[in-house]
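K.L.:
Sharing a structure, written as structure tokens. Questions coming.
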Amino acid sequence: MKLMEIQKLLDATVLTGEERLNHLEVKMICGSDLISDVLSFTKERSLLLTGLTNPQIIRAADMIDLCGIVFVRGKRPGDDVITMATERKLPLLVTDLPLFESCGVLYNAGLQGCSGLSLTTGGDKTDGTPSPP
């Protein structure tokens, strides 16, 4: 799914990277408000949904090679964070939806979470192994 479609689904405002929205393909999303979880569980080229607006989230995005960040609950990062993202060509979006609802909208639209579980596989992992009951 293109990042532009995600922007429309979440009724999000684009802060940086508008020129990349129609080019970036998102296959996986992760939602977290803990940097340690972002670093531990988020996969490369994922889209992060978070309420964290400090500069550390841009540094973490750089380390993991995220394809973008959606700030939830209407939270807007400061100019320093926007500048960091612009320098790294990292798209930033803001939605008024809470984290849970944002993830749910995108999951229902067919995007996978970082766990590898999918609606289309009936709860099975993408490698075909069944999930525990």
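Here, A, B, ... name the chains of the structure tokens in the order displayed, residue numbers run from 1 inside each chain, and ligands are numbered from 1 in the same displayed order.
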Leaving out region 32-43 of chain A and any residue of its chain fewer than 4 positions from it, which residues lie within 10 Å of it when counting only C-alpha atoms, given as a PyMOL selection string?
P.N.:
chain A and resi 28+47-53+56-57+60-61+63-66+72+99-100+113-115
K.L.:
Could you take the residues named above and write them with C-alpha atoms, as an mmCIF file, in the first residue's frame?
P.N.:
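Okay, part.cif is ready:
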```cif
data_model
loop_
_atom_site.group_PDB
_atom_site.id
_atom_site.type_symbol
_atom_site.label_atom_id
_atom_site.label_comp_id
_atom_site.auth_asym_id
_atom_site.auth_seq_id
_atom_site.Cartn_x
_atom_site.Cartn_y
_atom_site.Cartn_z
ATOM 1 C CA MET A 28 4.124 -3.522 7.552
ATOM 2 C CA LEU A 47 5.741 2.472 9.097
ATOM 3 C CA LEU A 48 5.758 3.475 12.749
ATOM 4 C CA LEU A 49 2.658 4.814 14.468
ATOM 5 C CA THR A 50 3.505 6.544 17.734
ATOM 6 C CA GLY A 51 2.790 9.354 20.146
ATOM 7 C CA LEU A 52 6.508 9.946 20.741
ATOM 8 C CA THR A 53 7.536 13.300 19.307
ATOM 9 C CA GLN A 56 15.094 10.142 19.729
ATOM 10 C CA ILE A 57 12.261 8.752 17.601
ATOM 11 C CA ALA A 60 15.527 5.256 16.164
ATOM 12 C CA ALA A 61 13.834 5.493 12.753
ATOM 13 C CA MET A 63 18.692 2.950 12.997
ATOM 14 C CA ILE A 64 15.830 0.677 11.914
ATOM 15 C CA ASP A 65 15.438 2.217 8.446
ATOM 16 C CA LEU A 66 11.738 3.024 8.821
ATOM 17 C CA VAL A 72 -1.125 9.774 16.608
ATOM 18 C CA LEU A 99 -2.841 4.649 18.325
ATOM 19 C CA PHE A 100 -5.207 1.687 18.693
ATOM 20 C CA GLY A 113 1.807 -5.787 11.901
ATOM 21 C CA CYS A 114 5.418 -6.496 12.830
ATOM 22 C CA SER A 115 4.400 -9.790 14.480
#
```
K.L.:
Using only C-alpha atoms, pick whichever of A:Asp11, A:Asp62, A:Glu101, A:Glu18 has the shortest atom-to-atom distance to Arg88 (chain A).
P.N.:
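Nearest candidate to Arg88 (chain A) out of A:Asp11, A:Asp62, A:Glu101, A:Glu18: A:Asp62.
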K.L.:
Name the residues of chain A that fall into strand (DSSP E) according to DSSP on the backbone, using the chain letters and numbers of this document, as a PDB file with C-alpha atoms, in the first residue's frame.
P.N.:
```pdb
ATOM      1  CA  THR A  13      -1.664  15.804   7.715  1.00  0.00           C
ATOM      2  CA  VAL A  14       1.733  15.555   6.022  1.00  0.00           C
ATOM      3  CA  LEU A  15       4.562  17.356   7.830  1.00  0.00           C
ATOM      4  CA  THR A  16       7.479  16.200   5.655  1.00  0.00           C
ATOM      5  CA  MET A  28       4.124  -3.522   7.552  1.00  0.00           C
ATOM      6  CA  ILE A  29       3.151  -1.228  10.417  1.00  0.00           C
ATOM      7  CA  CYS A  30       4.120  -1.062  14.054  1.00  0.00           C
ATOM      8  CA  GLY A  31       2.480   0.934  16.813  1.00  0.00           C
ATOM      9  CA  LEU A  47       5.741   2.472   9.097  1.00  0.00           C
ATOM     10  CA  LEU A  48       5.758   3.475  12.749  1.00  0.00           C
ATOM     11  CA  LEU A  49       2.658   4.814  14.468  1.00  0.00           C
ATOM     12  CA  THR A  50       3.505   6.544  17.734  1.00  0.00           C
ATOM     13  CA  GLY A  68       7.971   6.879   7.777  1.00  0.00           C
ATOM     14  CA  ILE A  69       6.310   7.888  11.026  1.00  0.00           C
ATOM     15  CA  VAL A  70       2.680   8.704  11.783  1.00  0.00           C
ATOM     16  CA  PHE A  71       2.191  10.668  14.982  1.00  0.00           C
ATOM     17  CA  LEU A  92       6.174  12.445   8.899  1.00  0.00           C
ATOM     18  CA  LEU A  93       2.389  12.498   9.194  1.00  0.00           C
ATOM     19  CA  VAL A  94      -0.031  13.454  11.969  1.00  0.00           C
ATOM     20  CA  GLN A 112       0.515  -6.568   8.464  1.00  0.00           C
ATOM     21  CA  GLY A 113       1.807  -5.787  11.901  1.00  0.00           C
TER      22      GLY A 113
END
```
K.L.:
Using DSSP on the backbone, list every residue of region 67-99 of chain A that comes out as alpha helix (DSSP H), and give them as a PyMOL selection string.
P.N.:
chain A and resi 79-87+99
K.L.:
Which neighbours of Leu21 (chain A) fall inside 9 Å, counting only C-alpha atoms, when residues of the same chain fewer than 3 positions from it are skipped, and could you give them as an MDAnalysis selection string?
P.N.:
chainID A and resid 2:5 7 17:18 24:25 91
K.L.:
Out of A:Cys67, A:Ile82, A:Glu87, A:Ser102, which residue has the shortest atom-to-atom distance to Glu44 (chain A) when counting only C-alpha atoms?
P.N.:
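Smallest distance to Glu44 (chain A) is found for A:Cys67.
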K.L.:
Could you tell me how far CA of Thr86 (chain A) lies from CA of Ile58 (chain A), in Å and to one decimal?
P.N.:
10.3 Å
